[in-house]
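Take a look at the structure set out below.
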Amino acid sequence: MSVKSAINKVVFIPHDEKMLVAVQVKRRTKKKIPFLATGGQGDYMTFICISVTNKKPSHVSITKVKQFQGSSAFVKRSQWTIDQLRQVNGIDPNKDCPEFDMMFENAFDQWVAGSAGEKCTFIQILYHTCQRYSSAPKPEFVNCQSKLLGGNSILHSAADSVTSAVQKASQALNERGERLGRAEERTADMMNSAEQFSVTAQKLAMKHKC
């Protein structure tokens, strides 16, 4: 099981939520925290996760989850509603890069994702989730590549691909049915012709016999 699948299973599913996406991140600028305040917990991995409740009306949360070195457990550190998100800064709208910022009404974080691809997937899903679930005013997405904010998200694209495949299969079955129907019609015509030929042949035979 992947780390992200494990986070979904341990952190979100027990609360009747499903995780839409998660991105592993590190801070670009470290917060100044007194040495004793760390509690000696050591190194850790940080994930920013987007989740939605299964029950209607749906509620979307953005959650910071940590996994400390040497532990298989995941710990929730901070959580915001999607309506508390004020701005997402993609840093550079002209190229893929792993850096991005997130501003909430009571917090501001500067992150570096594990890769530019992970960051792009995260921002794309976050944007389309905001368009669907957040109330007005919606959060601002600045310095983000247009490919991440236009059209359908990869989730919708996947659904569209499945729908397209079903439609193509249905069309193929319909075309096959039409071909079979035409073949059956030709077979019926041939059988009728054969019957007519047989009747005519019998009449001719009877005539010559007489």
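Please note that chains go A, B, ... in the order of the structure tokens, that every chain numbers its residues from 1, and that ligands are numbered from 1 in the order shown.
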So which residues touch region 90-96 of chain A within 9 Å, counting only C-alpha atoms, skipping near sequence neighbours fewer than 4 positions away, as JSON, numbers by chain?
{"A": [100, 101, 116, 117, 119, 120, 123, 141, 142, 143, 144, 145, 146]}
Within 10 Å of Val75 (chain A) using only C-alpha atoms, minus same-chain residues under 5 positions, as a PyMOL selection string
chain A and resi 7+10-11+46+64-68
So how far away is CA of Met19 (chain A) from CA of Pro57 (chain A), in Å?
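Computing it gives 16.4 Å between the two atoms.
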For CA of Gln87 (chain A) and CA of Ser135 (chain A), determine how far apart the two atoms are, in Å to one decimal place.
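Atom-to-atom, CA of Gln87 (chain A) and CA of Ser135 (chain A) are spaced 14.1 Å apart.
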Selected residue of minimal separation from Thr81 (chain A) among A:Met191, A:Ile50, A:Leu20, A:Val3, counting only C-alpha atoms:
A:Ile50
